[in-house]
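Dumped target16.tsv below, it's TSV, C-alpha atoms and all ligand atoms:
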chain	number	residue	atom	x	y	z
A	748	MET	CA	0.00	0.00	0.00
A	749	ALA	CA	1.04	3.63	-0.52
A	750	LYS	CA	-0.07	6.91	1.07
A	751	ARG	CA	-1.88	9.49	-1.02
A	752	ILE	CA	-3.67	12.78	-0.37
A	753	GLN	CA	-7.13	12.99	-1.88
A	754	PHE	CA	-10.21	15.19	-1.61
A	755	ALA	CA	-13.84	14.23	-2.24
A	756	ARG	CA	-15.30	17.77	-2.05
A	757	THR	CA	-13.89	21.25	-2.53
A	758	GLY	CA	-13.24	23.52	0.45
A	759	GLY	CA	-10.63	24.43	3.06
A	760	PRO	CA	-7.52	22.41	3.97
A	761	GLU	CA	-9.72	20.09	6.06
A	762	VAL	CA	-11.05	18.40	2.89
A	763	LEU	CA	-7.62	16.86	2.28
A	764	GLU	CA	-7.42	13.26	3.51
A	765	LEU	CA	-4.42	10.97	3.74
A	766	ILE	CA	-5.47	7.53	2.53
A	767	ASP	CA	-3.83	4.18	1.68
A	768	VAL	CA	-4.10	2.97	-1.91
A	769	GLU	CA	-2.81	-0.01	-3.83
A	770	PRO	CA	-0.27	1.43	-6.33
A	771	ALA	CA	-1.64	1.05	-9.87
A	772	ALA	CA	0.40	-0.62	-12.59
A	773	PRO	CA	1.33	1.91	-15.30
A	774	GLY	CA	-0.74	1.58	-18.48
A	775	ALA	CA	0.59	1.99	-22.03
A	776	GLY	CA	2.68	5.14	-22.27
A	777	GLU	CA	2.75	5.61	-18.50
A	778	VAL	CA	5.34	5.29	-15.75
A	779	ARG	CA	5.09	4.86	-11.98
A	780	ILE	CA	7.36	7.06	-9.90
A	781	LYS	CA	8.32	6.66	-6.28
A	782	ASN	CA	8.37	10.28	-5.14
A	783	HIS	CA	11.26	11.46	-2.99
A	784	ALA	CA	10.01	15.05	-2.82
A	785	ILE	CA	6.80	16.78	-3.96
A	786	GLY	CA	6.39	20.41	-5.03
A	787	LEU	CA	3.71	22.58	-3.43
A	788	ASN	CA	2.11	25.12	-5.78
A	789	PHE	CA	-0.59	27.75	-5.60
A	790	ILE	CA	-2.49	25.94	-8.36
A	791	ASP	CA	-3.01	23.04	-5.91
A	792	ILE	CA	-5.01	25.45	-3.75
A	793	TYR	CA	-7.11	26.56	-6.75
A	794	PHE	CA	-8.08	22.90	-7.35
A	795	ARG	CA	-8.79	22.24	-3.67
A	796	THR	CA	-11.05	25.31	-3.36
A	797	GLY	CA	-12.80	24.66	-6.68
A	798	LEU	CA	-11.54	27.84	-8.45
A	799	TYR	CA	-10.21	25.36	-11.02
A	800	PRO	CA	-12.47	22.28	-11.29
A	801	ALA	CA	-10.77	18.90	-10.78
A	802	PRO	CA	-11.52	16.58	-13.74
A	803	SER	CA	-13.15	13.99	-11.45
A	804	MET	CA	-13.97	13.40	-7.77
A	805	PRO	CA	-12.63	12.08	-5.50
A	806	SER	CA	-9.38	13.50	-6.81
A	807	GLY	CA	-5.68	13.39	-6.07
A	808	LEU	CA	-3.84	16.69	-5.86
A	809	GLY	CA	-0.54	18.14	-7.07
A	810	THR	CA	1.28	17.99	-10.40
A	811	GLU	CA	4.95	18.26	-9.42
A	812	GLY	CA	7.46	15.85	-7.94
A	813	ALA	CA	10.83	14.15	-8.22
A	814	GLY	CA	11.88	10.59	-7.51
A	815	VAL	CA	12.80	7.27	-9.07
A	816	VAL	CA	11.04	5.31	-11.82
A	817	GLU	CA	9.54	2.16	-10.27
A	818	ALA	CA	7.65	0.66	-13.21
A	819	VAL	CA	7.43	1.42	-16.93
A	820	GLY	CA	4.38	0.81	-19.13
A	821	GLU	CA	4.38	-0.46	-22.68
A	822	GLY	CA	5.69	1.93	-25.31
A	823	VAL	CA	7.79	4.15	-23.04
A	824	ASP	CA	11.30	3.98	-24.39
A	825	HIS	CA	13.05	7.03	-22.94
A	826	LEU	CA	12.84	5.86	-19.30
A	827	GLU	CA	13.94	2.78	-17.34
A	828	VAL	CA	13.30	1.44	-13.86
A	829	GLY	CA	15.76	3.16	-11.50
A	830	ASP	CA	16.04	6.44	-13.45
A	831	ARG	CA	16.13	9.63	-11.37
A	832	VAL	CA	13.36	11.84	-12.75
A	833	ALA	CA	11.16	14.91	-12.23
A	834	TYR	CA	7.85	16.18	-13.61
A	835	ALA	CA	5.66	19.27	-13.40
A	836	GLN	CA	2.61	18.40	-15.52
A	837	GLY	CA	0.10	15.63	-15.89
A	838	PRO	CA	-2.86	14.30	-13.96
A	839	LEU	CA	-3.53	15.50	-10.41
A	840	GLY	CA	-2.01	13.17	-7.81
A	841	SER	CA	1.63	14.01	-7.06
A	842	TYR	CA	0.78	14.48	-3.35
A	843	ALA	CA	1.51	10.77	-2.86
A	844	GLU	CA	4.25	8.27	-2.16
A	845	VAL	CA	3.88	6.94	-5.71
A	846	HIS	CA	2.36	8.58	-8.79
A	847	VAL	CA	1.42	7.16	-12.19
A	848	LEU	CA	1.55	9.59	-15.12
A	849	PRO	CA	2.28	9.74	-18.86
A	850	GLY	CA	5.98	9.11	-19.53
A	851	GLU	CA	6.07	12.04	-21.98
A	852	LYS	CA	5.65	14.43	-19.04
A	853	VAL	CA	8.66	12.98	-17.19
A	854	VAL	CA	12.27	14.02	-17.68
A	855	LYS	CA	15.53	12.51	-16.44
A	856	LEU	CA	17.35	14.57	-13.84
A	857	PRO	CA	20.97	15.55	-14.26
A	858	GLU	CA	23.15	13.87	-11.58
A	859	ASP	CA	23.92	17.09	-9.76
A	860	ILE	CA	20.30	18.19	-9.25
A	861	ASP	CA	18.89	16.64	-6.07
A	862	PHE	CA	15.29	15.52	-5.63
A	863	GLU	CA	14.23	18.37	-3.34
A	864	THR	CA	15.65	21.01	-5.67
A	865	ALA	CA	13.89	19.38	-8.62
A	866	ALA	CA	10.54	19.09	-6.82
A	867	ALA	CA	10.80	22.68	-5.62
A	868	GLY	CA	11.98	24.08	-8.92
A	869	MET	CA	10.47	22.21	-11.88
A	870	LEU	CA	7.03	23.78	-12.17
A	871	LYS	CA	8.10	27.20	-10.92
A	872	GLY	CA	11.37	27.17	-12.88
A	873	LEU	CA	9.72	26.12	-16.14
A	874	THR	CA	7.16	28.86	-15.56
A	875	VAL	CA	9.93	31.43	-15.19
A	876	GLN	CA	11.59	29.99	-18.31
A	877	TYR	CA	8.56	30.68	-20.47
A	878	LEU	CA	7.71	34.02	-18.81
A	879	LEU	CA	11.17	35.56	-19.25
A	880	ARG	CA	12.36	33.74	-22.38
A	881	GLN	CA	9.18	33.30	-24.41
A	882	THR	CA	6.16	35.38	-23.31
A	883	PHE	CA	8.25	38.57	-23.25
A	884	PRO	CA	11.73	37.53	-24.39
A	885	LEU	CA	14.04	39.65	-22.27
A	886	GLU	CA	17.29	40.72	-23.89
A	887	GLY	CA	19.04	42.47	-20.99
A	888	GLY	CA	18.89	46.14	-20.11
A	889	GLU	CA	15.12	46.26	-19.55
A	890	THR	CA	13.48	47.33	-16.29
A	891	ILE	CA	10.55	45.08	-15.41
A	892	LEU	CA	7.96	44.79	-12.63
A	893	PHE	CA	7.52	41.39	-10.97
A	894	HIS	CA	4.90	40.95	-8.22
A	895	ALA	CA	5.13	38.55	-5.24
A	896	ALA	CA	8.87	38.45	-5.83
A	897	ALA	CA	9.88	36.59	-2.65
A	898	GLY	CA	7.59	33.62	-3.35
A	899	GLY	CA	8.40	30.39	-5.18
A	900	VAL	CA	8.10	31.67	-8.76
A	901	GLY	CA	9.26	35.17	-7.79
A	902	SER	CA	12.51	34.03	-6.16
A	903	ILE	CA	13.52	32.16	-9.29
A	904	ALA	CA	12.43	35.04	-11.55
A	905	CYS	CA	14.54	37.61	-9.66
A	906	GLN	CA	17.67	35.47	-10.05
A	907	TRP	CA	17.04	34.51	-13.68
A	908	ALA	CA	16.18	38.05	-14.79
A	909	SER	CA	19.18	39.57	-13.03
A	910	ALA	CA	21.41	36.93	-14.66
A	911	LEU	CA	20.06	38.22	-17.99
A	912	GLY	CA	21.07	41.76	-17.09
A	913	VAL	CA	17.52	42.93	-16.39
A	914	LYS	CA	16.60	45.36	-13.61
A	915	VAL	CA	13.79	43.81	-11.57
A	916	ILE	CA	11.45	46.04	-9.60
A	917	ALA	CA	10.13	43.50	-7.11
A	918	THR	CA	6.92	43.90	-5.12
A	919	VAL	CA	6.67	42.09	-1.79
A	920	GLY	CA	4.42	42.04	1.27
A	921	SER	CA	6.96	42.67	4.06
A	922	ALA	CA	10.40	44.04	4.89
A	923	GLU	CA	11.72	40.50	5.39
A	924	LYS	CA	10.49	39.54	1.92
A	925	ALA	CA	12.12	42.67	0.46
A	926	GLU	CA	15.45	41.43	1.84
A	927	ILE	CA	14.90	38.04	0.17
A	928	ALA	CA	14.12	39.66	-3.19
A	929	LYS	CA	17.23	41.84	-2.89
A	930	ARG	CA	19.38	38.80	-2.10
A	931	ASN	CA	17.96	37.18	-5.22
A	932	GLY	CA	19.12	40.06	-7.39
A	933	ALA	CA	16.14	42.45	-7.44
A	934	TRP	CA	17.28	45.96	-8.41
A	935	ALA	CA	14.58	47.69	-6.32
A	936	THR	CA	11.81	46.53	-4.01
A	937	ILE	CA	8.37	47.95	-3.21
A	938	ASN	CA	6.28	46.84	-0.25
A	939	TYR	CA	2.89	46.88	-1.98
A	940	ARG	CA	1.07	46.69	1.35
A	941	GLU	CA	2.47	50.07	2.37
A	942	GLU	CA	3.75	51.98	-0.64
A	943	ASN	CA	2.14	53.47	-3.75
A	944	VAL	CA	3.42	51.08	-6.41
A	945	VAL	CA	2.62	53.28	-9.42
A	946	GLU	CA	4.36	56.33	-7.95
A	947	ARG	CA	7.43	54.29	-6.95
A	948	VAL	CA	7.67	52.74	-10.42
A	949	ARG	CA	7.39	56.22	-11.94
A	950	GLU	CA	10.28	57.45	-9.74
A	951	LEU	CA	12.44	54.41	-10.35
A	952	THR	CA	12.02	54.61	-14.13
A	953	ASP	CA	12.23	58.42	-14.41
A	954	GLY	CA	8.67	58.44	-15.69
A	955	ALA	CA	9.22	55.88	-18.47
A	956	MET	CA	7.30	53.07	-16.67
A	957	VAL	CA	7.98	49.41	-17.63
A	958	PRO	CA	7.58	47.44	-20.86
A	959	VAL	CA	6.26	44.34	-19.06
A	960	VAL	CA	4.54	43.51	-15.77
A	961	TYR	CA	4.46	39.90	-14.52
A	962	ASP	CA	1.40	39.68	-12.27
A	963	SER	CA	0.44	36.48	-10.42
A	964	VAL	CA	-1.39	38.27	-7.59
A	965	GLY	CA	-4.47	38.84	-9.77
A	966	LYS	CA	-7.46	40.78	-8.49
A	967	ASP	CA	-5.66	43.07	-6.02
A	968	THR	CA	-2.91	44.23	-8.40
A	969	TRP	CA	-4.69	44.23	-11.77
A	970	ALA	CA	-5.36	48.00	-12.00
A	971	ILE	CA	-1.98	48.90	-10.44
A	972	SER	CA	-0.16	46.73	-12.95
A	973	LEU	CA	-1.82	48.40	-15.95
A	974	ASP	CA	-0.85	51.81	-14.57
A	975	CYS	CA	2.79	50.75	-14.32
A	976	LEU	CA	3.07	49.88	-18.01
A	977	ALA	CA	4.67	52.07	-20.66
A	978	PRO	CA	2.57	52.67	-23.82
A	979	ARG	CA	2.13	49.41	-25.77
A	980	GLY	CA	3.53	47.45	-22.80
A	981	LEU	CA	2.63	43.84	-22.06
A	982	MET	CA	0.53	42.81	-19.06
A	983	VAL	CA	1.32	39.18	-18.22
A	984	SER	CA	-1.42	38.01	-15.87
A	985	PHE	CA	-0.37	34.52	-14.82
A	986	GLY	CA	-2.01	33.80	-11.47
A	987	ASN	CA	-4.74	34.53	-8.93
A	988	ALA	CA	-3.13	34.50	-5.47
A	989	SER	CA	-5.53	37.25	-4.28
A	990	GLY	CA	-8.48	36.06	-6.40
A	991	ALA	CA	-9.27	35.88	-10.11
A	992	VAL	CA	-9.42	38.99	-12.33
A	993	GLU	CA	-12.98	39.19	-13.61
A	994	GLY	CA	-15.27	41.42	-15.64
A	995	ILE	CA	-12.67	43.16	-17.77
A	996	ASN	CA	-13.73	45.76	-20.30
A	997	VAL	CA	-11.13	45.41	-23.06
A	998	GLY	CA	-11.41	49.16	-23.67
A	999	ILE	CA	-9.20	49.62	-20.59
A	1000	LEU	CA	-6.23	48.41	-22.66
A	1001	ASN	CA	-6.83	51.30	-25.05
A	1002	GLN	CA	-7.30	53.87	-22.25
A	1003	LYS	CA	-4.08	52.83	-20.52
A	1004	GLY	CA	-1.93	53.17	-23.66
A	1005	SER	CA	-2.68	50.55	-26.34
A	1006	LEU	CA	-1.53	47.79	-23.99
A	1007	TYR	CA	-1.17	44.08	-24.73
A	1008	LEU	CA	-2.57	41.45	-22.37
A	1009	THR	CA	-1.80	37.73	-22.11
A	1010	ARG	CA	-2.96	35.06	-19.65
A	1011	PRO	CA	-0.41	32.25	-20.15
A	1012	SER	CA	0.03	28.83	-18.52
A	1013	LEU	CA	2.83	26.27	-18.31
A	1014	ASN	CA	0.69	23.70	-20.12
A	1015	GLY	CA	0.17	26.19	-22.94
A	1016	TYR	CA	3.95	26.56	-23.44
A	1017	ALA	CA	5.26	23.05	-22.61
A	1018	ASP	CA	2.62	21.59	-24.93
A	1019	SER	CA	4.81	19.04	-26.72
A	1020	ARG	CA	7.61	16.70	-25.67
A	1021	GLU	CA	10.04	18.70	-27.78
A	1022	ARG	CA	9.15	22.02	-26.15
A	1023	LEU	CA	9.20	20.48	-22.65
A	1024	GLU	CA	12.71	19.12	-23.29
A	1025	GLU	CA	13.94	22.48	-24.64
A	1026	MET	CA	12.56	24.33	-21.63
A	1027	CYS	CA	14.10	21.79	-19.22
A	1028	LEU	CA	17.50	22.14	-20.90
A	1029	ASP	CA	17.37	25.88	-20.31
A	1030	LEU	CA	16.19	25.47	-16.69
A	1031	PHE	CA	18.74	22.75	-15.84
A	1032	ASP	CA	21.48	24.89	-17.37
A	1033	MET	CA	20.52	27.80	-15.10
A	1034	LEU	CA	20.53	25.49	-12.07
A	1035	GLU	CA	23.78	23.70	-12.89
A	1036	SER	CA	25.60	26.95	-13.67
A	1037	GLY	CA	24.55	28.29	-10.27
A	1038	LYS	CA	22.88	31.33	-11.84
A	1039	VAL	CA	19.59	30.19	-10.28
A	1040	ARG	CA	19.45	28.55	-6.87
A	1041	ILE	CA	16.19	27.07	-5.63
A	1042	ASP	CA	15.41	28.49	-2.23
A	1043	ILE	CA	13.43	25.92	-0.21
A	1044	GLY	CA	11.89	28.01	2.55
A	1045	GLN	CA	9.70	25.28	4.04
A	1046	ARG	CA	9.49	21.49	4.24
A	1047	PHE	CA	6.38	19.63	5.42
A	1048	ALA	CA	5.57	15.94	5.74
A	1049	LEU	CA	3.11	14.67	3.10
A	1050	ALA	CA	0.54	14.16	5.88
A	1051	GLU	CA	0.75	17.91	6.61
A	1052	ALA	CA	-0.26	18.98	3.08
A	1053	GLY	CA	-3.25	20.95	4.42
A	1054	LYS	CA	-1.06	22.86	6.87
A	1055	ALA	CA	1.47	23.56	4.10
A	1056	GLN	CA	-1.29	24.91	1.83
A	1057	GLU	CA	-2.64	27.10	4.60
A	1058	SER	CA	0.77	28.61	5.07
A	1059	LEU	CA	1.13	29.30	1.32
A	1060	ALA	CA	-2.38	30.78	1.04
A	1061	SER	CA	-1.88	33.08	4.03
A	1062	ARG	CA	1.39	34.58	2.68
A	1063	GLY	CA	3.36	32.77	5.37
A	1064	THR	CA	5.92	31.12	3.07
A	1065	THR	CA	9.00	32.38	1.25
A	1066	GLY	CA	10.71	30.73	-1.71
A	1067	SER	CA	9.50	27.21	-2.56
A	1068	THR	CA	7.84	24.62	-0.34
A	1069	VAL	CA	8.22	20.84	-0.59
A	1070	LEU	CA	6.26	17.95	0.86
A	1071	ILE	CA	8.30	14.93	1.92
A	1072	PRO	CA	6.55	11.56	1.51
B	1	LIG	N1	0.29	30.43	-15.16
B	1	LIG	C1	1.26	29.62	-14.82
B	1	LIG	O1	1.85	28.93	-15.67
B	1	LIG	C2	1.71	29.55	-13.39
B	1	LIG	C3	2.64	28.59	-12.99
B	1	LIG	C4	3.10	28.63	-11.67
B	1	LIG	C5	2.60	29.55	-10.77
B	1	LIG	N2	1.64	30.43	-11.20
B	1	LIG	C6	1.10	31.44	-10.28
B	1	LIG	O2	2.20	32.17	-9.73
B	1	LIG	C7	1.87	32.58	-8.43
B	1	LIG	C8	2.99	32.19	-7.50
B	1	LIG	O3	2.94	30.80	-7.26
B	1	LIG	P1	3.82	30.16	-6.09
B	1	LIG	O4	3.36	28.75	-5.95
B	1	LIG	O5	5.25	30.45	-6.35
B	1	LIG	O6	3.31	30.98	-4.82
B	1	LIG	P2	4.09	32.08	-3.97
B	1	LIG	O7	4.49	33.21	-4.85
B	1	LIG	O8	5.15	31.42	-3.17
B	1	LIG	O9	2.95	32.55	-2.98
B	1	LIG	C9	2.02	33.50	-3.39
B	1	LIG	C10	2.45	34.91	-2.92
B	1	LIG	O10	1.52	35.84	-3.47
B	1	LIG	C11	1.51	36.98	-2.66
B	1	LIG	N3	0.14	37.43	-2.42
B	1	LIG	C12	-0.33	38.67	-2.67
B	1	LIG	N4	-1.61	38.78	-2.31
B	1	LIG	C13	-1.98	37.59	-1.81
B	1	LIG	C14	-3.18	37.11	-1.24
B	1	LIG	N5	-4.28	37.87	-1.13
B	1	LIG	N6	-3.23	35.83	-0.79
B	1	LIG	C15	-2.15	35.06	-0.89
B	1	LIG	N7	-0.96	35.45	-1.42
B	1	LIG	C16	-0.87	36.73	-1.87
B	1	LIG	C17	2.19	36.61	-1.32
B	1	LIG	O11	3.46	37.24	-1.28
B	1	LIG	P3	3.60	38.69	-0.54
B	1	LIG	O12	3.35	38.44	0.92
B	1	LIG	O13	4.97	39.12	-0.83
B	1	LIG	O14	2.54	39.56	-1.14
B	1	LIG	C18	2.35	35.11	-1.42
B	1	LIG	O15	3.47	34.65	-0.69
B	1	LIG	C19	0.48	31.99	-8.09
B	1	LIG	O16	-0.49	32.96	-8.37
B	1	LIG	C20	0.38	30.85	-9.09
B	1	LIG	O17	-0.93	30.52	-9.39
B	1	LIG	C21	1.20	30.45	-12.48
Could the structure of this file be written out as structure tokens, please?
Ligand SMILES: NC(=O)c1ccc[n+]([C@@H]2O[C@H](COP(=O)([O-])OP(=O)(O)OC[C@H]3O[C@@H](n4cnc5c(N)ncnc54)[C@H](OP(=O)(O)O)[C@@H]3O)[C@@H](O)[C@H]2O)c1
Amino acid sequence: MAKRIQFARTGGPEVLELIDVEPAAPGAGEVRIKNHAIGLNFIDIYFRTGLYPAPSMPSGLGTEGAGVVEAVGEGVDHLEVGDRVAYAQGPLGSYAEVHVLPGEKVVKLPEDIDFETAAAGMLKGLTVQYLLRQTFPLEGGETILFHAAAGGVGSIACQWASALGVKVIATVGSAEKAEIAKRNGAWATINYREENVVERVRELTDGAMVPVVYDSVGKDTWAISLDCLAPRGLMVSFGNASGAVEGINVGILNQKGSLYLTRPSLNGYADSRERLEEMCLDLFDMLESGKVRIDIGQRFALAEAGKAQESLASRGTTGSTVLIP
């Protein structure tokens, strides 16, 4: 038997149950992985609360983990039993001791990347890869605004962008988080709970404002983000930590300066094996070169998944969080 977190109804952390299941044999095209570390992500909270509907109920939770291949289904030829691997996509259910998923979503880990780093950095690191290298391909020399910069995605983004020679204006919710963003290479920080973000961005850019805003906070920062953009700038709305952005009148993009808007997702960018492999190469290169270091701020036992989610949802975490099975 193996332990797994599941939920049969949406709601608070109390809906998460730790149950025993018989590990399934992988079907054609699938592999079974014994997880050594599991990544905690804000999207897991969206599924638990019902903001994003789970495909079926009861449901497993989580899409990220790292471990060792335990069994290989028919037709999978790039993986073998015993391979060290990581994944960040696929069916819900990584909050578990073992997880069965399509082999095409699983990549081999370079020797020098440990399981915790991989579980803490795959989903968030691949997200930063597409945000900075594809959605708005940064060339160096730009000044950008990145919200929630001391969190999991934000900590990686500050390091990656500064390695590209980009000046990151990082918003954060406390003085301690401002220190973290600075350590990760942010050029300037703004405590958006206390300061006027638009005025500070105006000062910092000598009135030019920024060509791109990366906004995963959602509802609370939507209007602020648009006001921080230079004419024809790009608003990248990629998350809902404070709630979803709703009821937009597209005319606002005209009023604020012929702006562009995109709402991207990892699955929309890593949508083929080839693209996933390319993005992983880039991410692993950043990790192995030491330009990006995955900051694991918290570790919880798998059984404490609800407590871990509560901490993430209440802004109590910094960097990445992993669950240990
Ligand atoms: N679209 C994609 O492909 C994709 C992929 C990965 C992640 N994401 C999104 O990126 C964001 C970051 O994910 P993460 O897992 O790394 O989380 P995280 O950044 O570690 O945690 C979220 C942070 O958001 C900030 N925040 C601001 N207002 C908040 C509120 N009302 N409630 C809770 N948090 C609030 C908090 O930082 P402060 O205290 O500093 O404000 C909090 O620590 C999430 O919105 C997630 O959905 C999107």
Can I get the residues of chain A within 8 Å of ligand LIG 1 (chain B), each with the closest pair of atoms and their distance in Å to one decimal, using only C-alpha atoms and all ligand atoms, sorted chain first then ascending number, as a Markdown table?
| residue | atom | partner | partner_atom | distance |
| --- | --- | --- | --- | --- |
| A:Leu787 | CA | B:LIG1 | O4 | 6.7 |
| A:Asn788 | CA | B:LIG1 | O4 | 3.8 |
| A:Phe789 | CA | B:LIG1 | O4 | 4.1 |
| A:Ile790 | CA | B:LIG1 | O17 | 4.9 |
| A:Tyr793 | CA | B:LIG1 | O17 | 7.8 |
| A:Leu870 | CA | B:LIG1 | C4 | 6.3 |
| A:Lys871 | CA | B:LIG1 | C4 | 5.3 |
| A:Thr874 | CA | B:LIG1 | C3 | 5.2 |
| A:His894 | CA | B:LIG1 | O14 | 7.6 |
| A:Ala895 | CA | B:LIG1 | O13 | 4.4 |
| A:Ala896 | CA | B:LIG1 | O13 | 6.4 |
| A:Ala897 | CA | B:LIG1 | O13 | 5.8 |
| A:Gly898 | CA | B:LIG1 | O8 | 3.3 |
| A:Gly899 | CA | B:LIG1 | O5 | 3.4 |
| A:Val900 | CA | B:LIG1 | O5 | 3.9 |
| A:Gly901 | CA | B:LIG1 | O7 | 5.9 |
| A:Thr918 | CA | B:LIG1 | O13 | 6.7 |
| A:Val919 | CA | B:LIG1 | O13 | 3.6 |
| A:Gly920 | CA | B:LIG1 | O13 | 3.6 |
| A:Ser921 | CA | B:LIG1 | O13 | 6.4 |
| A:Lys924 | CA | B:LIG1 | O13 | 6.2 |
| A:Asn938 | CA | B:LIG1 | O13 | 7.9 |
| A:Tyr939 | CA | B:LIG1 | O14 | 7.4 |
| A:Arg940 | CA | B:LIG1 | O14 | 7.7 |
| A:Asp962 | CA | B:LIG1 | O2 | 8.0 |
| A:Ser963 | CA | B:LIG1 | O16 | 4.2 |
| A:Val964 | CA | B:LIG1 | C12 | 5.0 |
| A:Gly965 | CA | B:LIG1 | O16 | 7.2 |
| A:Asp967 | CA | B:LIG1 | N4 | 7.0 |
| A:Ser984 | CA | B:LIG1 | N1 | 7.8 |
| A:Phe985 | CA | B:LIG1 | N1 | 4.2 |
| A:Gly986 | CA | B:LIG1 | O16 | 3.6 |
| A:Asn987 | CA | B:LIG1 | O16 | 4.6 |
| A:Ala988 | CA | B:LIG1 | O16 | 4.2 |
| A:Ser989 | CA | B:LIG1 | N5 | 3.4 |
| A:Gly990 | CA | B:LIG1 | N5 | 7.0 |
| A:Arg1010 | CA | B:LIG1 | N1 | 7.2 |
| A:Pro1011 | CA | B:LIG1 | N1 | 5.4 |
| A:Ser1012 | CA | B:LIG1 | O1 | 3.4 |
| A:Leu1013 | CA | B:LIG1 | O1 | 3.9 |
| A:Asn1014 | CA | B:LIG1 | O1 | 7.0 |
| A:Gly1015 | CA | B:LIG1 | O1 | 7.9 |
| A:Leu1059 | CA | B:LIG1 | O9 | 5.7 |
| A:Ala1060 | CA | B:LIG1 | C15 | 4.7 |
| A:Ser1061 | CA | B:LIG1 | C15 | 5.3 |
| A:Arg1062 | CA | B:LIG1 | O15 | 4.0 |
| A:Gly1063 | CA | B:LIG1 | O15 | 6.3 |
| A:Thr1064 | CA | B:LIG1 | O15 | 5.7 |
| A:Thr1065 | CA | B:LIG1 | O8 | 5.9 |
| A:Gly1066 | CA | B:LIG1 | O8 | 5.8 |
| A:Ser1067 | CA | B:LIG1 | O8 | 6.1 |
| A:Thr1068 | CA | B:LIG1 | O8 | 7.8 |
Review point. Excluding same-chain residues fewer than 3 positions from Thr890 of chain A, what lies within 12 Å of it counting all atoms listed in the file, as an NGL selection string?
Key: :A and (885-887 or 893 or 905 or 908-909 or 911-917 or 933-935 or 948-949 or 951-953 or 955-961 or 975-977 or 980)
Would you export the selected residues with C-alpha atoms as a PDB file, in the frame of the given file, please?
ATOM      1  CA  LEU A 885      14.040  39.650 -22.270  1.00  0.00           C
ATOM      2  CA  GLU A 886      17.290  40.720 -23.890  1.00  0.00           C
ATOM      3  CA  GLY A 887      19.040  42.470 -20.990  1.00  0.00           C
ATOM      4  CA  PHE A 893       7.520  41.390 -10.970  1.00  0.00           C
ATOM      5  CA  CYS A 905      14.540  37.610  -9.660  1.00  0.00           C
ATOM      6  CA  ALA A 908      16.180  38.050 -14.790  1.00  0.00           C
ATOM      7  CA  SER A 909      19.180  39.570 -13.030  1.00  0.00           C
ATOM      8  CA  LEU A 911      20.060  38.220 -17.990  1.00  0.00           C
ATOM      9  CA  GLY A 912      21.070  41.760 -17.090  1.00  0.00           C
ATOM     10  CA  VAL A 913      17.520  42.930 -16.390  1.00  0.00           C
ATOM     11  CA  LYS A 914      16.600  45.360 -13.610  1.00  0.00           C
ATOM     12  CA  VAL A 915      13.790  43.810 -11.570  1.00  0.00           C
ATOM     13  CA  ILE A 916      11.450  46.040  -9.600  1.00  0.00           C
ATOM     14  CA  ALA A 917      10.130  43.500  -7.110  1.00  0.00           C
ATOM     15  CA  ALA A 933      16.140  42.450  -7.440  1.00  0.00           C
ATOM     16  CA  TRP A 934      17.280  45.960  -8.410  1.00  0.00           C
ATOM     17  CA  ALA A 935      14.580  47.690  -6.320  1.00  0.00           C
ATOM     18  CA  VAL A 948       7.670  52.740 -10.420  1.00  0.00           C
ATOM     19  CA  ARG A 949       7.390  56.220 -11.940  1.00  0.00           C
ATOM     20  CA  LEU A 951      12.440  54.410 -10.350  1.00  0.00           C
ATOM     21  CA  THR A 952      12.020  54.610 -14.130  1.00  0.00           C
ATOM     22  CA  ASP A 953      12.230  58.420 -14.410  1.00  0.00           C
ATOM     23  CA  ALA A 955       9.220  55.880 -18.470  1.00  0.00           C
ATOM     24  CA  MET A 956       7.300  53.070 -16.670  1.00  0.00           C
ATOM     25  CA  VAL A 957       7.980  49.410 -17.630  1.00  0.00           C
ATOM     26  CA  PRO A 958       7.580  47.440 -20.860  1.00  0.00           C
ATOM     27  CA  VAL A 959       6.260  44.340 -19.060  1.00  0.00           C
ATOM     28  CA  VAL A 960       4.540  43.510 -15.770  1.00  0.00           C
ATOM     29  CA  TYR A 961       4.460  39.900 -14.520  1.00  0.00           C
ATOM     30  CA  CYS A 975       2.790  50.750 -14.320  1.00  0.00           C
ATOM     31  CA  LEU A 976       3.070  49.880 -18.010  1.00  0.00           C
ATOM     32  CA  ALA A 977       4.670  52.070 -20.660  1.00  0.00           C
ATOM     33  CA  GLY A 980       3.530  47.450 -22.800  1.00  0.00           C
TER      34      GLY A 980
END
**Study point:** Computed interatomic separation between atom CA of Arg751 of chain A and atom CA of Leu763 of chain A (Å)
**Key:**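 Atom-to-atom, atom CA of Arg751 of chain A and atom CA of Leu763 of chain A are spaced 9.9 Å apart.
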Point to revise | Of the listed residues A:Ala771, A:Ile785, A:Arg756, A:Leu1034, that which approaches Leu856 of chain A most closely, counting all atoms listed in the file | key: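 For Leu856 of chain A, the nearest of the candidates is A:Leu1034.
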Leaving out segment 819-822 of chain A and any residue of its chain fewer than 2 positions from it, which residues lie within 6 Å of it when counting all atoms listed in the file, given as a CSV table (one decimal) with C-alpha atoms, in the frame of the given file?
chain,number,residue,atom,x,y,z
A,773,PRO,CA,1.3,1.9,-15.3
A,774,GLY,CA,-0.7,1.6,-18.5
A,775,ALA,CA,0.6,2.0,-22.0
A,776,GLY,CA,2.7,5.1,-22.3
A,777,GLU,CA,2.8,5.6,-18.5
A,778,VAL,CA,5.3,5.3,-15.8
Review point. Suppose you want the space between atom CA of Glu811 of chain A and atom CA of Ala866 of chain A; what is it in Å?
Key: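 Separating atom CA of Glu811 of chain A from atom CA of Ala866 of chain A is a distance of 6.2 Å.
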Practice item. Measure the distance from atom CA of Phe862 of chain A to atom CA of Val1039 of chain A in Å and round it to one decimal. Key: 16.0 Å
